[in-house]
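Colleague: My structure is in input28.cif, and what it holds is mmCIF, C-alpha atoms:
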data_input
loop_
_atom_site.label_atom_id
_atom_site.label_comp_id
_atom_site.auth_asym_id
_atom_site.auth_seq_id
_atom_site.Cartn_x
_atom_site.Cartn_y
_atom_site.Cartn_z
CA MET E 74 92.09 29.08 106.79
CA GLN E 75 94.35 32.03 106.09
CA GLN E 76 94.10 31.55 102.35
CA LYS E 77 91.28 33.22 100.40
CA LYS E 78 89.69 30.38 98.49
CA ILE E 79 86.67 29.45 96.42
CA GLU E 80 85.67 25.78 96.64
CA ALA E 81 83.30 25.29 93.72
CA TYR E 82 81.21 22.11 94.00
CA LEU E 83 79.95 21.15 90.54
CA ASP E 84 78.03 18.44 88.77
CA CYS E 85 78.26 18.45 84.99
CA VAL E 86 74.56 17.66 84.77
CA SER E 87 73.94 21.28 85.78
CA PRO E 88 74.43 23.82 82.96
CA TYR E 89 74.78 26.53 85.56
CA SER E 90 77.69 24.48 86.95
CA PHE E 91 79.21 24.69 83.48
CA TYR E 92 78.78 28.47 83.46
CA ALA E 93 80.25 28.82 86.93
CA PHE E 94 83.17 26.59 85.95
CA SER E 95 83.81 28.62 82.78
CA TYR E 96 83.45 31.95 84.52
CA LEU E 97 85.76 31.07 87.40
CA ARG E 98 88.34 29.63 84.99
CA GLN E 99 88.14 32.83 82.94
CA ASN E 100 88.78 34.88 86.06
CA GLN E 101 91.23 32.48 87.67
CA GLN E 102 94.36 34.51 86.89
CA ALA E 103 92.80 37.80 87.98
CA LEU E 104 91.61 36.16 91.19
CA LYS E 105 95.05 34.68 91.80
CA ALA E 106 96.53 38.17 91.47
CA SER E 107 94.19 39.20 94.29
CA GLY E 108 95.29 36.25 96.40
CA VAL E 109 92.27 34.03 95.78
CA GLU E 110 92.63 30.30 95.02
CA VAL E 111 89.97 28.37 93.13
CA GLU E 112 89.32 24.64 93.44
CA PHE E 113 86.74 22.62 91.48
CA ILE E 114 85.22 19.63 93.28
CA PRO E 115 82.81 17.07 91.79
CA VAL E 116 79.56 16.39 93.62
CA PHE E 117 76.46 14.40 92.78
CA LEU E 118 73.54 16.80 92.33
CA GLY E 119 71.05 13.94 92.53
CA GLY E 120 72.37 13.22 96.01
CA ILE E 121 72.16 16.90 96.99
CA ASN E 122 68.49 16.97 96.02
CA VAL E 123 67.68 13.83 97.99
CA ALA E 124 69.58 14.97 101.10
CA SER E 125 68.22 18.54 101.11
CA GLY E 126 64.67 17.67 100.07
CA ASN E 127 64.89 20.03 97.11
CA LYS E 128 63.57 19.30 93.64
CA PRO E 129 64.99 20.54 90.33
CA PRO E 130 63.30 23.84 89.37
CA TRP E 131 61.74 22.48 86.19
CA THR E 132 59.46 20.22 88.25
CA LEU E 133 57.25 23.32 88.63
CA PRO E 134 55.65 23.98 85.20
CA ALA E 135 55.87 27.77 85.43
CA LYS E 136 59.57 27.53 86.32
CA ALA E 137 60.18 25.15 83.40
CA VAL E 138 58.69 27.75 81.04
CA TYR E 139 60.68 30.62 82.55
CA ALA E 140 63.89 28.51 82.60
CA ARG E 141 63.90 28.53 78.80
CA TYR E 142 64.26 32.33 78.81
CA ASP E 143 66.75 32.42 81.68
CA GLY E 144 68.79 29.52 80.28
CA GLN E 145 69.06 31.16 76.85
CA ARG E 146 70.08 34.46 78.38
CA ALA E 147 72.70 32.76 80.57
CA GLN E 148 74.04 30.84 77.59
CA LYS E 149 74.37 34.04 75.59
CA TYR E 150 75.85 35.90 78.55
CA PHE E 151 78.47 33.30 79.37
CA GLY E 152 79.06 32.37 75.76
CA MET E 153 79.79 35.97 74.90
CA LYS E 154 82.74 36.01 77.18
CA PHE E 155 84.35 32.64 77.06
CA GLU E 156 86.47 31.15 74.34
CA ILE E 157 86.04 27.38 74.55
CA PRO E 158 89.58 26.46 73.46
CA THR E 159 91.17 28.22 76.43
CA PHE E 160 89.82 25.52 78.74
CA PHE E 161 91.48 22.73 76.85
CA PRO E 162 92.88 20.53 78.20
CA SER E 163 91.07 20.09 81.48
CA TYR E 164 89.67 16.92 82.85
CA HIS E 165 86.63 18.75 84.24
CA PHE E 166 85.99 20.38 80.91
CA CYS E 167 85.94 17.16 78.86
CA PHE E 168 82.70 16.01 80.49
CA PHE E 169 81.00 19.43 80.45
CA LYS E 170 81.94 19.74 76.80
CA ALA E 171 80.72 16.27 75.87
CA LEU E 172 77.38 16.75 77.59
CA TRP E 173 76.50 20.38 76.85
CA LEU E 174 78.30 21.17 73.63
CA GLN E 175 78.25 17.76 71.92
CA HIS E 176 75.05 16.50 73.58
CA ARG E 177 76.43 13.05 74.29
CA ASP E 178 75.26 10.86 77.15
CA ILE E 179 78.27 10.70 79.46
CA SER E 180 76.45 8.40 81.85
CA LYS E 181 77.28 5.65 79.33
CA PRO E 182 80.78 4.19 79.85
CA LYS E 183 81.61 4.18 76.11
CA VAL E 184 80.76 7.87 75.81
CA ALA E 185 82.63 8.71 79.01
CA ARG E 186 85.68 6.91 77.65
CA THR E 187 85.63 8.88 74.39
CA ALA E 188 85.34 12.14 76.35
CA LEU E 189 88.26 11.17 78.60
CA LEU E 190 90.45 10.34 75.56
CA GLU E 191 90.48 14.06 74.74
CA VAL E 192 92.65 14.57 77.80
CA PHE E 193 94.06 11.17 78.78
CA SER E 194 95.79 8.23 77.11
CA GLU E 195 93.99 4.93 76.48
CA GLU E 196 95.57 3.38 79.57
CA GLN E 197 94.74 6.37 81.77
CA ALA E 198 91.14 6.53 80.53
CA ALA E 199 90.66 2.80 81.19
CA GLU E 200 92.11 3.16 84.69
CA ILE E 201 89.89 6.17 85.47
CA LEU E 202 86.78 4.26 84.40
CA ARG E 203 87.84 1.22 86.39
CA LEU E 204 88.44 3.29 89.52
CA ALA E 205 85.14 5.10 89.05
CA GLU E 206 83.39 1.79 89.77
CA THR E 207 85.34 0.97 92.93
CA PRO E 208 83.72 1.23 96.38
CA GLU E 209 86.37 3.75 97.48
CA ILE E 210 85.59 6.26 94.74
CA LYS E 211 81.85 5.74 95.04
CA GLN E 212 82.21 6.40 98.76
CA ALA E 213 84.34 9.49 98.12
CA LEU E 214 81.66 11.04 95.88
CA ASN E 215 79.00 10.09 98.39
CA ASP E 216 80.98 11.65 101.24
CA VAL E 217 81.61 14.96 99.48
CA THR E 218 77.96 15.12 98.41
CA LEU E 219 76.69 14.61 101.94
CA ARG E 220 79.30 17.02 103.28
CA VAL E 221 78.24 19.80 100.97
CA VAL E 222 74.63 19.37 102.14
CA LYS E 223 75.22 18.85 105.87
CA ASP E 224 78.15 21.20 106.43
CA PHE E 225 77.69 23.83 103.71
CA GLY E 226 73.88 23.90 103.41
CA ALA E 227 73.69 22.97 99.72
CA PHE E 228 70.36 22.41 97.96
CA GLY E 229 71.64 22.68 94.38
CA CYS E 230 74.59 23.20 92.05
CA PRO E 231 76.84 25.05 91.52
CA TRP E 232 77.49 25.40 95.25
CA SER E 233 80.54 27.41 96.33
CA TRP E 234 82.07 27.45 99.79
CA VAL E 235 84.17 30.58 99.99
CA HIS E 236 86.90 31.34 102.55
CA ASP E 237 87.63 35.01 103.22
CA GLY E 238 91.17 34.37 104.46
CA LYS E 239 90.27 35.59 107.95
CA GLY E 240 88.94 32.29 109.22
CA ASN E 241 85.38 32.79 107.94
CA ALA E 242 83.57 30.95 105.17
CA GLU E 243 80.15 31.45 103.53
CA PRO E 244 78.04 29.65 100.92
CA PHE E 245 77.23 31.06 97.47
CA PHE E 246 74.68 29.37 95.18
CA GLY E 247 74.41 29.63 91.42
CA SER E 248 76.32 31.30 88.61
CA ASP E 249 74.76 34.71 89.24
CA ARG E 250 76.28 35.75 92.58
CA PHE E 251 79.87 36.47 91.60
CA HIS E 252 79.54 40.19 92.43
CA PHE E 253 78.60 39.19 95.98
CA MET E 254 81.54 36.76 96.02
CA TRP E 255 84.00 39.46 94.92
CA ASP E 256 82.61 41.72 97.62
CA TYR E 257 83.00 39.03 100.29
CA LEU E 258 86.58 38.29 99.16
CA GLU E 259 87.39 42.02 98.87
CA VAL E 260 88.43 41.51 95.26
CA PRO E 261 88.42 44.84 93.39
CA HIS E 262 85.70 44.87 90.75
CA ARG E 263 83.53 47.09 88.61
CA ASP E 264 79.79 46.88 89.15
CA LEU E 265 77.03 46.58 86.56
CA GLU E 266 76.29 49.97 84.99
CA LEU E 267 73.55 51.20 82.72
CA HIS E 268 74.58 54.04 80.41
CA GLY E 269 72.69 56.77 78.64
CA PRO E 270 72.84 57.13 74.85
CA ALA E 271 76.30 57.85 73.42
CA THR E 272 76.65 61.57 73.07
CA GLY E 273 80.03 61.73 71.40
CA LYS E 274 81.48 63.13 74.59
CA LEU E 275 83.57 61.18 77.09
CA MET M 1 65.37 52.73 71.25
CA GLY M 2 62.05 52.42 73.04
CA GLY M 3 60.50 49.82 75.26
CA HIS M 4 58.39 49.28 78.32
CA ILE M 5 58.67 47.52 81.66
CA ASP M 6 55.56 46.34 83.52
CA CYS M 7 56.73 45.53 87.04
CA PHE M 8 54.36 43.43 89.18
CA LEU M 9 54.94 43.67 92.92
CA ASP M 10 53.59 42.72 96.31
CA ILE M 11 54.74 44.44 99.51
CA SER M 12 55.14 40.99 101.11
CA SER M 13 58.22 40.41 98.96
CA PHE M 14 61.28 42.39 100.01
CA TYR M 15 62.89 41.61 96.66
CA SER M 16 59.92 43.55 95.26
CA TYR M 17 61.06 46.48 97.41
CA LEU M 18 64.58 46.20 95.99
CA ALA M 19 63.21 46.03 92.45
CA ILE M 20 61.02 49.13 92.68
CA LYS M 21 63.88 51.15 94.20
CA TYR M 22 66.35 49.92 91.56
CA LEU M 23 64.05 50.68 88.64
CA GLN M 24 63.20 54.11 90.04
CA LYS M 25 66.91 54.80 90.45
CA ASN M 26 67.41 53.97 86.76
CA ARG M 27 64.24 55.62 85.54
CA ASP M 28 65.90 58.77 84.17
CA ILE M 29 68.56 56.85 82.25
CA LEU M 30 65.90 54.47 80.94
CA LYS M 31 63.90 57.50 79.83
CA THR M 32 66.83 58.73 77.74
CA HIS M 33 66.39 55.45 75.84
CA ASP M 34 62.59 55.89 75.64
CA VAL M 35 61.99 53.01 78.03
CA THR M 36 59.03 53.53 80.36
CA ILE M 37 58.15 51.76 83.62
CA ASN M 38 54.78 50.89 85.11
CA PHE M 39 54.34 49.39 88.60
CA ILE M 40 51.35 47.11 89.17
CA PRO M 41 50.03 45.66 92.45
CA ILE M 42 49.43 41.89 92.58
CA PHE M 43 48.66 39.41 95.32
CA LEU M 44 51.70 37.16 95.70
CA GLY M 45 49.69 34.67 97.74
CA GLY M 46 47.46 34.26 94.70
CA VAL M 47 50.49 33.84 92.44
CA ASN M 48 51.74 31.00 94.64
CA VAL M 49 48.38 29.26 94.63
CA GLY M 50 47.92 29.78 90.89
CA SER M 51 51.39 28.53 89.93
CA GLY M 52 51.73 25.80 92.54
CA ASN M 53 54.89 27.39 93.84
CA LYS M 54 55.84 27.74 97.50
CA PRO M 55 57.93 30.51 99.06
CA PRO M 56 61.64 29.53 98.98
CA TRP M 57 61.96 29.49 102.77
CA SER M 58 59.56 26.57 102.95
CA LEU M 59 62.64 24.42 102.20
CA PRO M 60 64.87 24.52 105.33
CA ALA M 61 68.14 24.63 103.34
CA LYS M 62 66.82 27.56 101.29
CA ALA M 63 65.70 29.36 104.45
CA ALA M 64 69.22 29.02 105.86
CA TYR M 65 70.87 30.18 102.64
CA GLY M 66 68.33 32.98 102.33
CA GLN M 67 69.89 34.65 105.37
CA PHE M 68 73.15 35.11 103.47
CA ASP M 69 71.61 36.03 100.13
CA SER M 70 69.15 38.57 101.50
CA ALA M 71 71.87 40.26 103.58
CA ARG M 72 74.04 40.57 100.46
CA ALA M 73 71.15 41.86 98.35
CA LYS M 74 70.25 44.47 100.96
CA LYS M 75 73.85 45.64 101.15
CA TYR M 76 74.20 45.74 97.36
CA HIS M 77 71.07 47.84 96.98
CA GLY M 78 72.01 50.12 99.88
CA MET M 79 68.96 49.04 101.87
CA GLU M 80 70.50 47.42 104.91
CA ASP M 81 67.78 48.83 107.14
CA ILE M 82 65.35 46.23 105.87
CA GLU M 83 64.44 43.67 108.53
CA VAL M 84 61.89 40.89 108.45
CA PRO M 85 58.99 41.93 110.74
CA ASN M 86 57.97 39.56 113.55
CA PHE M 87 54.47 39.24 112.02
CA PHE M 88 55.94 37.81 108.80
CA PRO M 89 54.54 36.50 106.50
CA PRO M 90 51.91 39.23 106.12
CA LEU M 91 48.54 38.70 104.39
CA THR M 92 48.73 41.65 102.04
CA ILE M 93 45.27 41.64 100.41
CA LEU M 94 44.05 44.88 102.05
CA PRO M 95 47.06 47.13 101.33
CA GLN M 96 47.44 45.72 97.81
CA ARG M 97 43.76 46.47 97.07
CA ALA M 98 44.30 49.95 98.47
CA MET M 99 47.21 50.40 96.07
CA CYS M 100 44.96 49.38 93.16
CA TYR M 101 42.50 52.08 94.19
CA ILE M 102 45.24 54.70 94.58
CA LYS M 103 46.81 53.80 91.22
CA ALA M 104 43.49 54.38 89.44
CA SER M 105 42.51 57.51 91.37
CA TYR M 106 45.69 59.55 91.71
CA SER M 107 48.71 60.62 89.69
CA ASN M 108 51.40 58.02 89.04
CA GLU M 109 53.81 60.01 91.14
CA LYS M 110 51.50 59.95 94.15
CA PHE M 111 50.74 56.26 93.64
CA GLU M 112 54.44 55.33 93.59
CA GLU M 113 55.25 57.54 96.57
CA ALA M 114 52.40 56.05 98.58
CA TRP M 115 53.44 52.51 97.69
CA LEU M 116 57.03 53.21 98.72
CA ALA M 117 55.74 54.51 102.04
CA ILE M 118 53.79 51.28 102.59
CA PHE M 119 56.84 49.18 101.66
CA HIS M 120 58.85 51.26 104.10
CA ALA M 121 56.30 50.89 106.89
CA LEU M 122 56.32 47.09 106.50
CA TRP M 123 60.05 46.50 106.14
CA ILE M 124 61.95 49.23 107.99
CA PRO M 125 61.98 49.10 111.80
CA PRO M 126 59.80 49.81 113.63
CA GLN M 127 57.81 47.68 111.21
CA LYS M 128 54.05 48.23 111.07
CA ASN M 129 51.59 45.55 110.07
CA VAL M 130 49.96 47.55 107.29
CA CYS M 131 47.75 44.56 106.53
CA LEU M 132 45.64 45.65 109.49
CA PRO M 133 43.18 48.49 108.71
CA GLU M 134 44.30 50.81 111.54
CA SER M 135 47.99 50.51 110.68
CA LEU M 136 47.35 50.95 106.95
CA LYS M 137 45.24 54.05 107.62
CA GLU M 138 47.97 55.46 109.86
CA ALA M 139 50.67 54.77 107.27
CA LEU M 140 48.63 56.41 104.49
CA ALA M 141 47.94 59.46 106.65
CA GLY M 142 51.63 59.65 107.52
CA THR M 143 52.61 60.08 103.85
CA LYS M 144 51.03 63.56 103.91
CA LEU M 145 49.97 62.85 100.31
CA PHE M 146 46.26 62.59 101.09
CA SER M 147 43.74 64.62 103.06
CA GLU M 148 41.86 62.95 105.92
CA THR M 149 38.85 62.51 103.65
CA GLU M 150 40.96 60.99 100.92
CA VAL M 151 42.47 58.50 103.35
CA GLU M 152 38.92 57.47 104.34
CA GLU M 153 38.03 57.05 100.67
CA ILE M 154 41.09 54.89 100.06
CA MET M 155 40.27 52.68 103.06
CA LYS M 156 36.69 52.37 101.79
CA GLY M 157 37.86 51.66 98.24
CA ALA M 158 40.09 48.86 99.49
CA THR M 159 36.99 46.96 100.63
CA GLN M 160 34.88 47.57 97.51
CA GLN M 161 34.22 44.92 94.89
CA GLU M 162 35.69 46.98 92.06
CA TRP M 163 39.13 47.05 93.71
CA LYS M 164 38.96 43.46 94.94
CA ASP M 165 38.37 42.53 91.30
CA LYS M 166 41.16 44.76 90.13
CA LEU M 167 43.71 43.02 92.35
CA THR M 168 42.37 39.62 91.31
CA ASN M 169 42.62 40.56 87.64
CA ASN M 170 46.16 41.93 88.00
CA THR M 171 47.10 38.65 89.68
CA LYS M 172 45.46 36.58 86.94
CA ASP M 173 47.25 38.69 84.34
CA VAL M 174 50.68 38.15 85.88
CA LEU M 175 49.99 34.40 86.19
CA GLU M 176 49.19 34.36 82.49
CA LYS M 177 52.54 36.05 81.96
CA GLY M 178 54.19 33.02 83.58
CA ALA M 179 54.68 34.31 87.12
CA PHE M 180 55.56 32.02 90.02
CA GLY M 181 56.88 34.77 92.30
CA ALA M 182 57.57 38.49 92.71
CA PRO M 183 59.00 40.79 91.51
CA TRP M 184 57.76 39.72 88.08
CA MET M 185 58.50 41.95 85.10
CA TRP M 186 56.99 41.83 81.64
CA VAL M 187 59.24 43.71 79.26
CA ARG M 188 58.67 44.86 75.70
CA ASN M 189 61.62 45.89 73.57
CA ALA M 190 61.87 48.23 70.57
CA GLU M 191 61.07 45.37 68.18
CA GLY M 192 57.80 44.75 69.98
CA LYS M 193 59.06 41.46 71.45
CA GLU M 194 57.85 40.69 74.99
CA GLU M 195 59.54 38.53 77.63
CA PRO M 196 59.31 37.81 81.37
CA PHE M 197 62.00 38.62 83.94
CA PHE M 198 61.90 37.34 87.51
CA GLY M 199 63.67 38.72 90.57
CA SER M 200 65.83 41.69 91.42
CA ASP M 201 68.99 40.10 90.00
CA ARG M 202 68.36 39.94 86.25
CA PHE M 203 68.65 43.59 85.26
CA HIS M 204 71.72 42.94 83.11
CA PHE M 205 69.62 40.48 81.08
CA MET M 206 66.88 43.09 80.91
CA TRP M 207 69.23 45.80 79.64
CA GLU M 208 70.52 43.29 77.07
CA PHE M 209 66.97 42.44 75.94
CA LEU M 210 66.13 46.13 75.63
CA GLY M 211 69.28 46.72 73.59
CA LEU M 212 70.61 49.26 76.07
CA PRO M 213 74.30 50.14 76.53
CA TRP M 214 75.49 48.47 79.75
CA VAL M 215 78.80 47.59 81.29
CA ASP M 216 79.22 44.27 83.05
CA ILE M 217 80.64 43.35 86.42
CA GLU M 218 84.36 42.84 86.01
CA VAL M 219 87.21 41.73 88.26
CA LEU M 220 89.88 44.44 88.27
CA PRO M 221 93.64 44.15 88.77
CA LYS M 222 94.90 44.04 92.36
CA GLY M 223 95.30 47.48 93.81
CA SER M 224 92.35 48.98 91.94
CA ASP M 225 89.59 50.77 93.82
CA ARG M 226 87.40 48.15 95.47
CA LYS M 227 84.34 49.35 93.58
CA ALA M 228 85.51 51.25 90.53
CA LYS M 229 83.25 53.17 88.24
CA LEU M 230 83.85 54.10 84.63
#
Translate the structure of the given file into structure tokens.
Modeller:
Amino acid sequence: MQQKKIEAYLDCVSPYSFYAFSYLRQNQQALKASGVEVEFIPVFLGGINVASGNKPPWTLPAKAVYARYDGQRAQKYFGMKFEIPTFFPSYHFCFFKALWLQHRDISKPKVARTALLEVFSEEQAAEILRLAETPEIKQALNDVTLRVVKDFGAFGCPWSWVHDGKGNAEPFFGSDRFHFMWDYLEVPHRDLELHGPATGKL
Amino acid sequence: MGGHIDCFLDISSFYSYLAIKYLQKNRDILKTHDVTINFIPIFLGGVNVGSGNKPPWSLPAKAAYGQFDSARAKKYHGMEDIEVPNFFPPLTILPQRAMCYIKASYSNEKFEEAWLAIFHALWIPPQKNVCLPESLKEALAGTKLFSETEVEEIMKGATQQEWKDKLTNNTKDVLEKGAFGAPWMWVRNAEGKEEPFFGSDRFHFMWEFLGLPWVDIEVLPKGSDRKAKL
């Protein structure tokens, strides 16, 4: 592939998928200016866990305790930067928003329908929900989930498969590796810096 | 400002190596904010047993991904010389006990320099298995920090009950502080609040917690320097 591209595989059950989605959307224009395309692709994290043999981190008690700190910090970090209204309307966003900001159970058809109505008409929402139950769509989700495990090595979400535009591609896991991603894509960026106390001098 | 970072490390973890180098690199700036750092030896094997965790590479998909992530981390930290030794994973009880002895018996500067030398011996080719007494003794002597007698004393100390207990207690302490891996940091901010930080990739959260002035990673317009600095 001659096109620099980030394929971001997300499941809205994963808050870190939400952060990655938000962060990449926030940076989408800047990335485009550097010749990088971004695509968001739904996967089923439950299926990734089964196929890779991984378990969600909170199944280890010590990780569940630590996750509260890390989750709060991530929420603050990503929340600091991202204005929610700029993502509207987006069909990905309606489910992330419903689940993580409104705390509604999108696994229930009625709730999913209400979330969809933020972006789609009544007819469109009904059609989407009907298609979601068809063998073809179920198979499509299954296929992309298995693909991301077998071909891209996924064991969690968000999982990004990134093309460097020179025929190479590498995996990136999580919402905390964007500096490595920018490096790999040769996107100009400023690194994390710690400063001394303000001295009144520039 | 004010604050303190207790950083718990085992030489068996190369992310521990990255963490000690990164914190030392930022020590002077942290000092301008009255933030101090203390490095403490633990036994990561004991942390795994105590927390029920397993090293990430025990899952095949994580082992495969680890190749990419570790290469990127090494490059980011300017430590691309690091290579996994063929005797990995090492059983680090002896050198970690030795570090406990050195920490209690010598200046902090000497302790940190000695520990860095042991990290270096284990991770930078030609890697030495410093878990074996002869190799550890050689590595300690090679630092030129200790006389021949002192090296003998350190090797003796590493087998004494007092220093076995010290390592065990450090490990128990870090488990109580929620550890399931290394590097594990226990950080106190100016308000006296204390929180854990895991890994060598959460320093921005740490600076935030400590209330320090920091500038985030940011994508720059096309044509900018690849890695700009303010």
Colleague: Residues picked by the PyMOL selection byres ((chain M) within 6 of (chain E)) here, as number ranges by chain?
Modeller: M: 29, 61, 178, 213-220, 222, 224, 226-228
Colleague: For CA of Thr171 (chain M) and CA of Ser200 (chain M), quote the distance in Å rounded to one decimal.
Modeller: 19.1 Å
Colleague: Can you tell me, as an MDAnalysis selection string, what residues are no more than 7 Å from Arg186 (chain E) when counting all atoms listed in the file, ignoring any on the same chain fewer than 4 positions away?
Modeller: chainID E and resid 182 190 198
Colleague: Taking the file as shown, find all residues satisfying the PyMOL selection byres ((chain E and resi 77) around 10) and write them as a list in words.
Modeller: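 Selected by the PyMOL selection byres ((chain E and resi 77) around 10) in this file: Met74, Gln75, Gln76, Lys78, Ile79, Leu104, Lys105, Ser107, Gly108, Val109, Glu110, Val111, Val235, His236, Asp237, Gly238, Lys239, Gly240, Asn241, Ala242, Leu258 and Glu259 of chain E.
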Colleague: Between CA of Lys172 (chain M) and CA of Ser58 (chain M), what is the distance, to one decimal in Å?
Modeller: 23.6 Å
Colleague: Kindly give the distance, in Å, that separates CA of Leu97 (chain E) and CA of Leu212 (chain M), rounded to a single decimal.
Modeller: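 Computing it gives 26.2 Å between the two atoms.
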Colleague: Residues within 9 Å of region 204-215 of chain E, please, as a list in words. Count only C-alpha atoms; anything in the same chain fewer than 3 positions from it doesn't count.
Modeller: Pro115, Val116, Phe117, Gly120, Ala199, Glu200, Ile201, Thr218, Leu219 and Arg220 of chain E
Colleague: Next, the residues of the selection above should be written as a tab-separated table (two decimals), in the frame of the given file with C-alpha atoms.
Modeller:
chain	number	residue	atom	x	y	z
E	115	PRO	CA	82.81	17.07	91.79
E	116	VAL	CA	79.56	16.39	93.62
E	117	PHE	CA	76.46	14.40	92.78
E	120	GLY	CA	72.37	13.22	96.01
E	199	ALA	CA	90.66	2.80	81.19
E	200	GLU	CA	92.11	3.16	84.69
E	201	ILE	CA	89.89	6.17	85.47
E	218	THR	CA	77.96	15.12	98.41
E	219	LEU	CA	76.69	14.61	101.94
E	220	ARG	CA	79.30	17.02	103.28
Colleague: Hey, what comes out of the PyMOL selection byres ((chain M and resi 9) around 7) on this file? Could you write it as a list of chain:residue names?
Modeller: M:Cys7, M:Phe8, M:Asp10, M:Ile11, M:Ser16, M:Ile40, M:Pro41, M:Ile42, M:Ala182, M:Pro183, M:Trp184
Colleague: If we draw a sphere of 12 Å around (35.8, 51.7, 106.7), which residues have at least one atom in it when counting only C-alpha atoms? Please report them as a PyMOL selection string.
Modeller: chain M and resi 94+98+132-134+136-137+149+151-160
Colleague: Residues proximal to (75.1, 27.5, 82.8) were defined as those with any atom within 12 Å of that point in the file's coordinates, counting only C-alpha atoms. Which are they, as a compact mmCIF listing (two decimals) with C-alpha atoms, keeping the file's coordinate frame?
Modeller:
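So the final result, stored in selection_25.txt, reads:
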# COMPACT_ATOMS: atom_id res chain seq x y z
CA LEU E 83 79.95 21.15 90.54
CA ASP E 84 78.03 18.44 88.77
CA CYS E 85 78.26 18.45 84.99
CA VAL E 86 74.56 17.66 84.77
CA SER E 87 73.94 21.28 85.78
CA PRO E 88 74.43 23.82 82.96
CA TYR E 89 74.78 26.53 85.56
CA SER E 90 77.69 24.48 86.95
CA PHE E 91 79.21 24.69 83.48
CA TYR E 92 78.78 28.47 83.46
CA ALA E 93 80.25 28.82 86.93
CA PHE E 94 83.17 26.59 85.95
CA SER E 95 83.81 28.62 82.78
CA TYR E 96 83.45 31.95 84.52
CA ALA E 140 63.89 28.51 82.60
CA ARG E 141 63.90 28.53 78.80
CA ASP E 143 66.75 32.42 81.68
CA GLY E 144 68.79 29.52 80.28
CA GLN E 145 69.06 31.16 76.85
CA ARG E 146 70.08 34.46 78.38
CA ALA E 147 72.70 32.76 80.57
CA GLN E 148 74.04 30.84 77.59
CA LYS E 149 74.37 34.04 75.59
CA TYR E 150 75.85 35.90 78.55
CA PHE E 151 78.47 33.30 79.37
CA GLY E 152 79.06 32.37 75.76
CA PHE E 169 81.00 19.43 80.45
CA LYS E 170 81.94 19.74 76.80
CA TRP E 173 76.50 20.38 76.85
CA LEU E 174 78.30 21.17 73.63
CA CYS E 230 74.59 23.20 92.05
CA PRO E 231 76.84 25.05 91.52
CA GLY E 247 74.41 29.63 91.42
CA SER E 248 76.32 31.30 88.61
CA ASP E 249 74.76 34.71 89.24
Colleague: Find the residue from M:Thr143, M:Asn86, M:Asn48, M:Asn38 that sits nearest to Asn108 (chain M); use only C-alpha atoms when measuring.
Modeller: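 Looking at the shortest contact to Asn108 (chain M), the residue is M:Asn38.
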Colleague: Compare M:Leu59, M:Ile82, M:Met185, M:Leu116 by their minimum atom-to-atom distance to Phe198 (chain M), counting all atoms listed in the file, and give me the closest one.
Modeller: M:Met185
Colleague: For Ala139 (chain M), which residue out of M:Ile118, M:Trp123, M:Phe205, M:Ala19 is the nearest one, using all atoms listed in the file?
Modeller: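 Among the listed residues, M:Ile118 lies closest to Ala139 (chain M).
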Colleague: Could you check the closest approach to Leu44 (chain M) for each of M:Gly181, M:Arg72, M:Ser105, M:Met79 and tell me which residue wins, using only C-alpha atoms?
Modeller: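 Selected residue with least distance to Leu44 (chain M): M:Gly181.
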Colleague: The centre and edge lengths of an axis-aligned box containing all atoms of region 136-140 of chain E present in the file, extended by 8 Å on each side, are to be given in Å to one decimal, as AutoDock Vina command-line options.
Modeller:
--center_x 61.3 --center_y 27.9 --center_z 83.7 --size_x 21.2 --size_y 21.5 --size_z 21.3
